[in-house]
>>> print(open('run-v7.txt').read())   # compact mmCIF, C-alpha atoms
# COMPACT_ATOMS: atom_id res chain seq x y z
CA GLY A 593 -15.72 -16.48 34.52
CA LEU A 594 -15.21 -16.62 30.81
CA GLY A 595 -15.32 -20.12 29.42
CA LEU A 596 -13.17 -21.17 26.48
CA PRO A 597 -16.07 -21.19 23.97
CA CYS A 598 -16.93 -17.59 24.86
CA LEU A 599 -13.31 -16.51 24.54
CA ALA A 600 -13.00 -18.16 21.11
CA ALA A 601 -16.21 -16.50 19.89
CA CYS A 602 -15.28 -13.06 21.24
CA TRP A 603 -11.58 -13.07 20.30
CA PRO A 604 -11.89 -11.49 16.81
CA LYS A 605 -14.04 -8.67 18.20
CA MET A 606 -11.67 -8.05 21.10
CA MET A 607 -8.68 -7.81 18.75
CA SER A 608 -10.28 -5.29 16.37
CA PHE A 609 -10.77 -1.56 16.68
CA GLY A 610 -14.34 -0.33 16.99
CA GLY A 611 -15.73 -3.86 16.81
CA GLN A 612 -15.00 -4.12 13.07
CA ARG A 613 -12.28 -6.29 11.61
CA GLN A 614 -10.11 -4.77 8.91
CA GLU A 615 -10.38 -6.95 5.81
CA HIS A 616 -7.13 -7.10 3.87
CA ARG A 617 -7.53 -7.22 0.10
CA PHE A 618 -3.87 -7.67 -0.79
CA ASN A 619 -2.69 -11.23 -1.31
CA LEU A 620 0.31 -12.88 -2.93
CA LEU A 621 -1.70 -13.81 -6.02
CA LEU A 622 -1.53 -10.13 -7.07
CA LEU A 623 2.24 -10.41 -7.53
CA ASP A 624 3.82 -11.14 -10.91
CA GLU A 625 5.45 -14.48 -11.52
CA HIS A 626 8.86 -14.62 -9.78
CA GLU A 627 8.04 -11.51 -7.72
CA TYR A 628 8.60 -11.70 -3.96
CA TYR A 629 6.95 -9.94 -1.04
CA PHE A 630 9.35 -8.41 1.50
CA ASP A 631 7.60 -6.14 3.99
CA ASP A 632 4.86 -3.59 4.53
CA VAL A 633 4.56 -0.26 6.32
CA GLY A 634 1.71 1.99 7.39
CA VAL A 635 1.54 5.11 5.23
CA THR A 636 -0.53 8.09 4.26
CA TYR A 637 -0.68 8.35 0.46
CA LEU A 638 -0.93 11.81 -1.09
CA ALA A 639 -2.13 11.12 -4.64
CA PRO A 640 -1.38 13.44 -7.59
CA ASP A 641 -5.09 14.33 -7.80
CA GLY A 642 -5.00 15.73 -4.24
CA GLY A 643 -6.50 12.68 -2.53
CA LYS A 644 -5.18 11.71 0.90
CA HIS A 645 -5.56 8.05 1.92
CA LYS A 646 -4.34 5.97 4.86
CA GLY A 647 -3.28 2.39 4.24
CA ARG A 648 -0.39 -0.06 3.90
CA LEU A 649 2.48 0.08 1.42
CA LYS A 650 3.60 -3.42 0.42
CA ILE A 651 7.27 -3.67 -0.60
CA CYS A 652 7.91 -6.36 -3.19
CA SER A 653 10.85 -7.28 -5.41
CA ALA A 654 9.35 -5.82 -8.61
CA SER A 655 6.83 -3.26 -7.37
CA LEU A 656 5.19 -1.33 -4.56
CA PHE A 657 1.52 -1.91 -3.75
CA PHE A 658 -0.60 0.63 -1.88
CA GLU A 659 -3.55 -1.03 -0.12
CA PRO A 660 -5.94 1.69 1.14
CA ASP A 661 -7.86 1.17 4.36
CA ARG A 662 -11.10 1.99 2.53
CA ASN A 663 -12.39 -0.85 0.28
CA GLU A 664 -13.96 1.44 -2.32
CA ILE A 665 -10.52 2.76 -3.28
CA PRO A 666 -8.58 0.34 -5.52
CA ILE A 667 -5.20 -1.12 -4.64
CA SER A 668 -2.51 0.75 -6.60
CA ARG A 669 0.50 -1.11 -7.98
CA PHE A 670 3.66 0.81 -8.93
CA PRO A 671 5.88 -1.52 -11.03
CA PHE A 672 9.57 -0.63 -10.60
CA LYS A 673 10.06 -0.98 -14.38
CA GLN A 674 7.72 2.00 -14.82
CA VAL A 675 9.06 4.11 -11.92
CA THR A 676 11.27 6.94 -13.18
CA CYS A 677 12.23 8.50 -9.84
CA ILE A 678 12.08 7.78 -6.08
CA VAL A 679 13.14 10.72 -3.90
CA PRO A 680 13.34 10.87 -0.08
CA GLY A 681 11.48 13.84 1.40
CA ASN A 682 8.21 15.45 0.49
CA ARG A 683 7.43 18.92 -0.80
CA SER A 684 3.97 19.20 0.76
CA VAL A 685 4.90 18.23 4.34
CA THR A 686 7.79 19.20 6.56
CA GLN A 687 11.12 17.73 5.55
CA ALA A 688 11.56 16.35 9.08
CA MET A 689 8.83 13.77 8.43
CA ASP A 690 9.70 10.34 7.07
CA ALA A 691 8.32 10.66 3.56
CA PHE A 692 9.23 9.99 -0.06
CA SER A 693 7.77 10.63 -3.47
CA LEU A 694 7.87 8.63 -6.66
CA GLN A 695 7.14 9.32 -10.29
CA THR A 696 5.99 6.57 -12.60
CA LYS A 697 4.87 6.16 -16.20
CA LYS A 698 1.85 4.04 -15.23
CA VAL A 699 -0.13 2.73 -12.26
CA VAL A 700 -2.07 -0.54 -12.15
CA PHE A 701 -5.37 -0.44 -10.23
CA MET A 702 -6.98 -3.59 -8.82
CA LYS A 703 -9.72 -4.84 -6.48
CA GLU A 704 -11.81 -1.65 -6.40
CA ASN A 705 -14.69 -2.16 -3.94
CA ASN A 706 -12.96 -5.48 -3.14
CA VAL A 707 -14.19 -6.95 -6.44
CA ASP A 708 -11.97 -9.34 -8.36
CA ALA A 709 -11.97 -7.86 -11.86
CA PRO A 710 -9.43 -7.29 -14.64
CA PHE A 711 -6.67 -4.91 -13.62
CA VAL A 712 -6.80 -1.38 -15.02
CA GLU A 713 -3.56 0.25 -16.20
CA LYS A 714 -3.50 4.03 -16.45
CA PRO A 715 -0.75 6.46 -17.40
CA SER A 716 0.48 8.54 -14.48
CA GLU A 717 1.63 12.12 -14.16
CA GLY A 718 2.74 13.98 -11.07
CA ASP A 719 4.21 12.92 -7.75
CA HIS A 720 2.86 10.02 -5.73
CA GLN A 721 3.83 10.98 -2.18
CA PHE A 722 3.95 8.67 0.83
CA VAL A 723 4.38 9.60 4.49
CA LEU A 724 5.54 6.66 6.62
CA ASN A 725 3.42 6.54 9.77
CA HIS A 726 5.56 4.43 12.09
CA SER A 727 8.73 3.55 10.20
CA GLY A 728 11.85 5.48 9.31
CA LEU A 729 13.22 6.05 5.84
CA GLU A 730 16.53 4.48 6.92
CA LYS A 731 14.78 1.08 7.11
CA PHE A 732 12.52 1.57 4.11
CA MET A 733 14.67 3.15 1.37
CA PRO A 734 17.25 0.33 1.08
CA LEU A 735 14.40 -2.06 0.21
CA VAL A 736 13.29 0.00 -2.80
CA MET A 737 16.57 1.40 -4.12
>>> encode(input="run-v7.txt", output="structure tokens")
Amino acid sequence: GLGLPCLAACWPKMMSFGGQRQEHRFNLLLLDEHEYYFDDVGVTYLAPDGGKHKGRLKICSASLFFEPDRNEIPISRFPFKQVTCIVPGNRSVTQAMDAFSLQTKKVVFMKENNVDAPFVEKPSEGDHQFVLNHSGLEKFMPLVM
């Protein structure tokens, strides 16, 4: 049978998909002072430039963070002070899907290639669209409105 040492050594591999552990880059140190983390949801992010990325959307008291599954893509922070519009629904997918779009004046990019470096702020144009993978808008929207 499996002894305890073998189980302890194999546990991380058994709990991951494809034998690789997903490394999470988001941590609470990325939040502003007096900002609080509430929840996160799995999403597909449809960027204004046409990019389509799977990842996690972190819901915080002063911003939303998108943490892509792929490390080479930076984490995107959408500060609520810069967001001009959040609208349920999505023009590029069926309205029956749980999706929303937001418009913001700027986006803050961080931890590209999982490297700790100064954050990069860039002006933003267009819709940032998010499709919720496993959650409904009825749970999500009250947290951001």
>>> closest_residue(input="run-v7.txt", among="A:Arg662, A:Lys703, A:His726, A:His645", to="Leu622 in chain A", atoms="only C-alpha atoms")
A:Lys703
>>> closest_residue(input="run-v7.txt", among="A:Leu729, A:Val736, A:Met689, A:Ile665", to="Phe630 in chain A", atoms="all atoms listed in the file")
A:Val736
>>> residues_around(input="run-v7.txt", residues="Arg648 in chain A", least_positions_apart="3", cutoff="12 Å", atoms="only C-alpha atoms", output="PyMOL selection string")
chain A and resi 614+616-618+631-637+645+651+656-662+667-669+722-727
>>> closest_residue(input="run-v7.txt", among="A:Leu621, A:Ala691, A:Ala639, A:Val699", to="Phe672 in chain A", atoms="only C-alpha atoms")
A:Val699
>>> atom_distance(input="run-v7.txt", atom1="CA of Phe711 in chain A", atom2="CA of Leu735 in chain A")
25.4 Å
>>> closest_residue(input="run-v7.txt", among="A:Asn705, A:Phe692, A:Val700, A:Glu625", to="Ile678 in chain A", atoms="all atoms listed in the file")
A:Phe692
>>> closest_residue(input="run-v7.txt", among="A:Pro734, A:Pro640, A:Pro715, A:Gly647", to="Gln674 in chain A", atoms="only C-alpha atoms")
A:Pro715
>>> atom_distance(input="run-v7.txt", atom1="CA of Gly642 in chain A", atom2="CA of Asp624 in chain A")
29.1 Å
>>> closest_residue(input="run-v7.txt", among="A:Gly728, A:Gly718, A:Pro680, A:Pro710", to="Ser693 in chain A", atoms="all atoms listed in the file")
A:Pro680
>>> atom_distance(input="run-v7.txt", atom1="CA of Phe670 in chain A", atom2="CA of Thr696 in chain A")
7.2 Å
>>> residues_around(input="run-v7.txt", residues="Glu627 in chain A", least_positions_apart="2", cutoff="8 Å", atoms="all atoms listed in the file", output="ChimeraX atom specification")
/A:623-625,629,652-654
>>> write_last_selection(input="run-v7.txt", atoms="C-alpha atoms", output="compact mmCIF listing (two decimals), in the coordinates of the input")
# COMPACT_ATOMS: atom_id res chain seq x y z
CA LEU A 623 2.24 -10.41 -7.53
CA ASP A 624 3.82 -11.14 -10.91
CA GLU A 625 5.45 -14.48 -11.52
CA TYR A 629 6.95 -9.94 -1.04
CA CYS A 652 7.91 -6.36 -3.19
CA SER A 653 10.85 -7.28 -5.41
CA ALA A 654 9.35 -5.82 -8.61
>>> decode(input="run-v7.txt", residues="range 689-714 of chain A", atoms="N, CA and C atoms", output="PDB file, in the first residue's frame")
ATOM      1  N   MET A 689     -25.444  34.450 -21.928  1.00  0.00           N
ATOM      2  CA  MET A 689     -24.271  34.106 -21.122  1.00  0.00           C
ATOM      3  C   MET A 689     -24.098  35.115 -19.985  1.00  0.00           C
ATOM      4  N   ASP A 690     -23.500  34.662 -18.904  1.00  0.00           N
ATOM      5  CA  ASP A 690     -23.195  35.552 -17.788  1.00  0.00           C
ATOM      6  C   ASP A 690     -21.923  36.321 -18.125  1.00  0.00           C
ATOM      7  N   ALA A 691     -22.100  37.559 -18.551  1.00  0.00           N
ATOM      8  CA  ALA A 691     -20.972  38.373 -18.985  1.00  0.00           C
ATOM      9  C   ALA A 691     -21.229  39.832 -18.632  1.00  0.00           C
ATOM     10  N   PHE A 692     -20.147  40.611 -18.591  1.00  0.00           N
ATOM     11  CA  PHE A 692     -20.273  42.050 -18.413  1.00  0.00           C
ATOM     12  C   PHE A 692     -19.104  42.722 -19.110  1.00  0.00           C
ATOM     13  N   SER A 693     -19.241  43.999 -19.350  1.00  0.00           N
ATOM     14  CA  SER A 693     -18.136  44.759 -19.925  1.00  0.00           C
ATOM     15  C   SER A 693     -17.907  45.995 -19.070  1.00  0.00           C
ATOM     16  N   LEU A 694     -16.672  46.481 -19.107  1.00  0.00           N
ATOM     17  CA  LEU A 694     -16.364  47.711 -18.397  1.00  0.00           C
ATOM     18  C   LEU A 694     -15.513  48.602 -19.296  1.00  0.00           C
ATOM     19  N   GLN A 695     -15.643  49.887 -19.048  1.00  0.00           N
ATOM     20  CA  GLN A 695     -14.803  50.878 -19.698  1.00  0.00           C
ATOM     21  C   GLN A 695     -14.058  51.611 -18.601  1.00  0.00           C
ATOM     22  N   THR A 696     -12.798  51.909 -18.862  1.00  0.00           N
ATOM     23  CA  THR A 696     -11.956  52.546 -17.863  1.00  0.00           C
ATOM     24  C   THR A 696     -11.006  53.530 -18.528  1.00  0.00           C
ATOM     25  N   LYS A 697     -10.572  54.518 -17.770  1.00  0.00           N
ATOM     26  CA  LYS A 697      -9.628  55.507 -18.301  1.00  0.00           C
ATOM     27  C   LYS A 697      -8.211  54.953 -18.353  1.00  0.00           C
ATOM     28  N   LYS A 698      -7.872  54.052 -17.402  1.00  0.00           N
ATOM     29  CA  LYS A 698      -6.536  53.466 -17.415  1.00  0.00           C
ATOM     30  C   LYS A 698      -6.558  52.063 -16.817  1.00  0.00           C
ATOM     31  N   VAL A 699      -5.532  51.298 -17.178  1.00  0.00           N
ATOM     32  CA  VAL A 699      -5.315  49.950 -16.654  1.00  0.00           C
ATOM     33  C   VAL A 699      -3.893  49.905 -16.110  1.00  0.00           C
ATOM     34  N   VAL A 700      -3.716  49.220 -14.988  1.00  0.00           N
ATOM     35  CA  VAL A 700      -2.392  49.048 -14.389  1.00  0.00           C
ATOM     36  C   VAL A 700      -1.967  47.600 -14.644  1.00  0.00           C
ATOM     37  N   PHE A 701      -0.788  47.425 -15.234  1.00  0.00           N
ATOM     38  CA  PHE A 701      -0.253  46.096 -15.534  1.00  0.00           C
ATOM     39  C   PHE A 701       0.876  45.772 -14.567  1.00  0.00           C
ATOM     40  N   MET A 702       0.911  44.513 -14.108  1.00  0.00           N
ATOM     41  CA  MET A 702       1.903  44.097 -13.115  1.00  0.00           C
ATOM     42  C   MET A 702       2.265  42.631 -13.281  1.00  0.00           C
ATOM     43  N   LYS A 703       3.457  42.284 -12.840  1.00  0.00           N
ATOM     44  CA  LYS A 703       3.954  40.904 -12.770  1.00  0.00           C
ATOM     45  C   LYS A 703       3.936  40.175 -14.108  1.00  0.00           C
ATOM     46  N   GLU A 704       4.312  40.880 -15.187  1.00  0.00           N
ATOM     47  CA  GLU A 704       4.450  40.224 -16.487  1.00  0.00           C
ATOM     48  C   GLU A 704       5.563  39.198 -16.398  1.00  0.00           C
ATOM     49  N   ASN A 705       5.348  38.012 -16.957  1.00  0.00           N
ATOM     50  CA  ASN A 705       6.295  36.892 -16.859  1.00  0.00           C
ATOM     51  C   ASN A 705       6.624  36.540 -15.410  1.00  0.00           C
ATOM     52  N   ASN A 706       5.721  36.882 -14.495  1.00  0.00           N
ATOM     53  CA  ASN A 706       5.866  36.621 -13.065  1.00  0.00           C
ATOM     54  C   ASN A 706       7.094  37.303 -12.471  1.00  0.00           C
ATOM     55  N   VAL A 707       7.453  38.462 -13.026  1.00  0.00           N
ATOM     56  CA  VAL A 707       8.600  39.233 -12.545  1.00  0.00           C
ATOM     57  C   VAL A 707       8.086  40.407 -11.725  1.00  0.00           C
ATOM     58  N   ASP A 708       8.625  40.554 -10.521  1.00  0.00           N
ATOM     59  CA  ASP A 708       8.296  41.721  -9.704  1.00  0.00           C
ATOM     60  C   ASP A 708       9.046  42.917 -10.275  1.00  0.00           C
ATOM     61  N   ALA A 709       8.308  43.860 -10.800  1.00  0.00           N
ATOM     62  CA  ALA A 709       8.873  45.053 -11.437  1.00  0.00           C
ATOM     63  C   ALA A 709       7.907  46.207 -11.189  1.00  0.00           C
ATOM     64  N   PRO A 710       8.345  47.444 -11.447  1.00  0.00           N
ATOM     65  CA  PRO A 710       7.411  48.563 -11.286  1.00  0.00           C
ATOM     66  C   PRO A 710       6.149  48.360 -12.136  1.00  0.00           C
ATOM     67  N   PHE A 711       5.021  48.773 -11.585  1.00  0.00           N
ATOM     68  CA  PHE A 711       3.758  48.652 -12.301  1.00  0.00           C
ATOM     69  C   PHE A 711       3.767  49.600 -13.488  1.00  0.00           C
ATOM     70  N   VAL A 712       3.042  49.233 -14.534  1.00  0.00           N
ATOM     71  CA  VAL A 712       2.945  50.050 -15.735  1.00  0.00           C
ATOM     72  C   VAL A 712       1.494  50.493 -15.892  1.00  0.00           C
ATOM     73  N   GLU A 713       1.258  51.803 -15.909  1.00  0.00           N
ATOM     74  CA  GLU A 713      -0.083  52.349 -16.112  1.00  0.00           C
ATOM     75  C   GLU A 713      -0.210  52.774 -17.571  1.00  0.00           C
ATOM     76  N   LYS A 714      -1.312  52.363 -18.193  1.00  0.00           N
ATOM     77  CA  LYS A 714      -1.551  52.739 -19.587  1.00  0.00           C
ATOM     78  C   LYS A 714      -2.974  53.234 -19.740  1.00  0.00           C
TER      79      LYS A 714
END
